[in-house]
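One structure is given below, encoded as structure tokens.
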Amino acid sequence: MKTVRVHNYGSYEQLHYEDAIPPEINENQVLIKVYAASVNHLEIKGTSGVMKESMPLSFPWIPGYDFAGVVENVGLNVTNLIKGDKVYGNCMGGSYAEYLAADIHKTVKMPENLTFAEASSVPHVGETAWQALYKHGRLQKGETVLIHGGAGAVGGFAIQFAHNTGAKVLSTASGDDIPFVKSLGADDVVDFRTQDFASIFKDVDLVLCLVGGNVEEKSYSVLKKRGKLVSTVGLSYQDIAKQKEIEAIAMGIEQSAIDLKSITDLIKVGKVKTDIGISYPLKDVVTAWKALAGDKSVKHPSHGKIILEVSGKSI
């Protein structure tokens with residue numbers, strides 16, 4: 001099979017488009033013919049080595065944390081999927097390849113109203129947004145949530161989920177992206193380049209901190225007493241949180257078919273939409289990574305997921 005493998009820690013120079021032996025599955029896995037995989041910052045960070053203490057890689061390593069494709073074979077204990085099913089889900093690396101051994105507790109049938117490319121854009125960022133809002137943030141109807149980075153992949157899903165919950169949704173974004181963010185369901189959006197969100201937004205129940213810098217520190221001033229702040233980029237100001245009686249949580253994704261199924265149900269009925277920025281064939285993975293990193297030498301979208309077409313066109 002064709003794949004992309006990494007043979008050592010590093011950057012773009014470690015991405016090798018090459019042949020590999022297809023994986024074997026165990027009794028709790030399904031063999032997937034992968035048609036599309038989305039590109040996430042986690043793959044770039046993992047390859048760089050900055051996470052090797054918490055998430056060490058075993059080389060050669062195949063990047064890719066989410067996928068969409070077709071079931072080719074099923075393990076002995078698998079009863080809910082059969083050969084030919086169109087599926088999507090998460091993995092701990094491995095989706096930058098034509099075939100993937102996928103765990104059944106991280107894989108579900110994909111919505112029929114999505115292409116493979118669209119489906120592959122959902123699992124990693126969609127589940128991150130879902131868990132930030134509901135597992136950690138415990139968002140309820142009628143509450144107010146501030147979502148930083150609303151035009152980003154996680155932020156875009158979070159806005160839609162929160163809107164469907166019946167929450168008041170506030171967000172920050174660059175000026176050019178404000179119409180897009182409002183189209184997702186945000187009630188009010190501040191241009192972070194020209195406006196100070198901390199002087200505009202008040203009495204917020206929950207903040208999703210999806211960007212770095214001093215956003216976390218400033219966000220404590222907009223929260224109600226005993227409000228909640230959930231961060232996907234770590235916490236630096238727990239002392240302020242404690243002083244203001246704010247529940248501050250640093251989270252990482254827990255790959256879950258249960259959460260993905262809940263998201264799938266919303267997509268099926270048109271309450272949540274995907275956002276594709278640009279697609280590349282698998283062999284152009286270096287360009288795709290540069291696009292995600294904002295490298296000015298390649299074309300990159302202002303918003304929307306970057307997709308790798310793994311087994312031919314994935315539309």
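Going through the structure tokens in order, the chains are called A, B, and so on, while each chain numbers its residues from 1 and the ligands are numbered from 1 in the order shown.
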
DSSP helix (DSSP H, G or I) residues within region 203-290 of chain A, as JSON, numbers by chain: {"A": [215, 216, 217, 218, 219, 238, 239, 240, 241, 242, 243, 257, 258, 259, 260, 261, 262, 263, 264, 265, 266, 267, 268, 282, 283, 284, 285, 286, 287, 288, 289, 290]}

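Using only C-alpha atoms, the protein and nucleic acid residues lying no more than 9 Å from His7 (chain A), apart from those fewer than 6 places from it along its own chain, are Gln14, Leu15, His16, Ser58, Phe59, Pro60 and Trp61 of chain A.
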
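If only C-alpha atoms are the atoms counted, then among A:Leu282, A:Ile249, A:Val122, A:Ile159 the closest residue to Gly234 (chain A) is A:Ile249.
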
Shortest contact to Gly69 (chain A), candidates A:Ser38, A:Asn90, A:Ser120, A:Thr287, atoms counted only C-alpha atoms, goes to A:Ser120

Kindly assemble as JSON lines a list of the region 68-171 of chain A residues that lie within 12 Å of region 191-198 of chain A, each paired with its nearest atom pair and their distance in Å to one decimal, using only C-alpha atoms, sorted first by chain and then by ascending residue number.
```
{"residue": "A:Leu146", "atom": "CA", "partner": "A:Phe197", "partner_atom": "CA", "distance": 9.7}
{"residue": "A:Ile147", "atom": "CA", "partner": "A:Phe197", "partner_atom": "CA", "distance": 11.1}
{"residue": "A:His148", "atom": "CA", "partner": "A:Phe192", "partner_atom": "CA", "distance": 9.2}
{"residue": "A:Gly149", "atom": "CA", "partner": "A:Phe192", "partner_atom": "CA", "distance": 9.1}
{"residue": "A:Gly150", "atom": "CA", "partner": "A:Asp191", "partner_atom": "CA", "distance": 10.6}
{"residue": "A:Ala151", "atom": "CA", "partner": "A:Asp191", "partner_atom": "CA", "distance": 11.3}
{"residue": "A:Leu170", "atom": "CA", "partner": "A:Phe197", "partner_atom": "CA", "distance": 9.7}
{"residue": "A:Ser171", "atom": "CA", "partner": "A:Phe197", "partner_atom": "CA", "distance": 8.8}
```

At a cut-off of 10 Å, using only C-alpha atoms, what residues contact Ile263 (chain A)? Leave out same-chain residues fewer than 3 positions from it and give the result as a compact mmCIF listing (two decimals) with N, CA, C and O atoms, in the first residue's frame.
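Okay, selection.txt is ready:
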```
# COMPACT_ATOMS: atom_id res chain seq x y z
N PRO A 111 -22.12 9.78 7.99
CA PRO A 111 -23.40 10.27 7.47
C PRO A 111 -23.45 10.14 5.95
O PRO A 111 -22.47 10.44 5.26
N VAL A 122 -14.24 15.64 10.35
CA VAL A 122 -15.06 15.74 11.55
C VAL A 122 -14.45 15.15 12.81
O VAL A 122 -14.43 15.82 13.86
N PRO A 123 -13.96 13.90 12.81
CA PRO A 123 -13.74 13.20 14.09
C PRO A 123 -12.84 13.91 15.10
O PRO A 123 -13.26 14.13 16.25
N GLY A 126 -14.14 17.61 15.79
CA GLY A 126 -15.52 17.56 16.24
C GLY A 126 -15.64 17.01 17.65
O GLY A 126 -16.35 17.57 18.50
N GLU A 127 -14.95 15.92 17.91
CA GLU A 127 -14.99 15.33 19.25
C GLU A 127 -14.32 16.23 20.28
O GLU A 127 -14.75 16.31 21.44
N TRP A 130 -16.90 18.81 21.09
CA TRP A 130 -18.01 18.20 21.83
C TRP A 130 -17.63 17.99 23.30
O TRP A 130 -18.39 18.35 24.21
N PHE A 157 -16.97 23.91 14.91
CA PHE A 157 -17.89 22.89 15.41
C PHE A 157 -18.49 23.30 16.75
O PHE A 157 -19.69 23.11 16.99
N PHE A 161 -22.46 23.39 17.75
CA PHE A 161 -23.00 22.56 18.84
C PHE A 161 -23.69 23.44 19.88
O PHE A 161 -24.81 23.13 20.33
N ALA A 257 -16.27 6.68 19.88
CA ALA A 257 -17.35 6.44 18.92
C ALA A 257 -18.68 6.96 19.44
O ALA A 257 -19.55 7.36 18.66
N ILE A 258 -18.86 6.95 20.76
CA ILE A 258 -20.12 7.41 21.35
C ILE A 258 -20.32 8.89 21.06
O ILE A 258 -21.39 9.32 20.61
N ASP A 259 -19.29 9.70 21.29
CA ASP A 259 -19.39 11.13 21.01
C ASP A 259 -19.53 11.38 19.51
O ASP A 259 -20.30 12.25 19.08
N LEU A 260 -18.79 10.62 18.70
CA LEU A 260 -18.87 10.80 17.26
C LEU A 260 -20.26 10.45 16.74
O LEU A 260 -20.76 11.08 15.81
N LEU A 266 -26.45 14.86 14.42
CA LEU A 266 -26.70 16.26 14.09
C LEU A 266 -26.38 16.55 12.62
O LEU A 266 -27.08 17.32 11.96
N ILE A 267 -25.32 15.94 12.11
CA ILE A 267 -24.95 16.14 10.70
C ILE A 267 -26.03 15.56 9.79
O ILE A 267 -26.38 16.17 8.77
N LYS A 268 -26.55 14.41 10.14
CA LYS A 268 -27.55 13.74 9.30
C LYS A 268 -28.78 14.62 9.06
O LYS A 268 -29.37 14.59 7.98
N LYS A 271 -28.12 19.91 11.02
CA LYS A 271 -27.92 20.91 12.06
C LYS A 271 -26.46 21.30 12.23
O LYS A 271 -26.15 22.30 12.89
N VAL A 272 -25.56 20.50 11.67
CA VAL A 272 -24.12 20.78 11.73
C VAL A 272 -23.54 20.55 10.34
O VAL A 272 -23.85 19.55 9.69
```

Who sits within 7 Å of Tyr88 (chain A), only C-alpha atoms, same chain under 5 positions skipped, as a PDB file with C-alpha atoms, in the first residue's frame:
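Output contents, as saved in part29.pdb:
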```pdb
ATOM      1  CA  PHE A  67     -10.069   9.062   8.558  1.00  0.00           C
ATOM      2  CA  ALA A  68     -13.004   8.224   6.304  1.00  0.00           C
ATOM      3  CA  GLY A  69     -13.217   5.120   4.157  1.00  0.00           C
ATOM      4  CA  THR A 107     -15.277   4.098  14.448  1.00  0.00           C
ATOM      5  CA  VAL A 108     -18.883   4.669  13.307  1.00  0.00           C
ATOM      6  CA  LYS A 109     -20.856   4.730  10.071  1.00  0.00           C
ATOM      7  CA  MET A 110     -20.400   8.088   8.375  1.00  0.00           C
ATOM      8  CA  ALA A 119     -16.406  13.098   6.788  1.00  0.00           C
ATOM      9  CA  SER A 120     -12.661  12.951   7.445  1.00  0.00           C
TER      10      SER A 120
END
```

Write out as a PyMOL selection string each polymer residue whose atoms come within 8 Å of Val189 (chain A), counting only C-alpha atoms; drop sequence neighbours fewer than 4 positions from it. chain A and resi 170-173+178+181-182

I'd like the contact shell of region 73-79 of chain A - 7 Å cut-off, only C-alpha atoms, skipping same-chain residues fewer than 6 positions apart - returned as a ChimeraX atom specification. /A:25-31

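Using only C-alpha atoms, the shortest contact distance between Cys209 (chain A) and any of A:Val145, A:Ile276, A:Leu139, A:Val298 is found at A:Val145.
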
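The shortest atom-to-atom distance to Glu18 (chain A), with only C-alpha atoms taken into account, belongs to A:Ala97 out of A:Lys228, A:Gly175, A:Ala97, A:Gln238.
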
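Near Lys33 (chain A), within a cut-off of 9 Å and counting only C-alpha atoms, sit the residues A:Ala68, A:Gly69, A:Val70, A:Val71, A:Glu72, A:Ala97, A:Glu98, A:Tyr99, A:Leu100, A:Ser311, with same-chain residues fewer than 3 positions away left out.
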
Closest of A:Lys168, A:Gly270, A:Ile253, A:Val233 to Asp188 (chain A) - atom-to-atom distances counting only C-alpha atoms: A:Lys168

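The interatomic distance for the pair CA of Glu245 (chain A) and CA of Thr165 (chain A) works out to 25.5 Å.
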
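If only C-alpha atoms are the atoms counted, then among A:Val215, A:Ala20, A:Ile246, A:Ala288 the closest residue to Ile307 (chain A) is A:Ala288.
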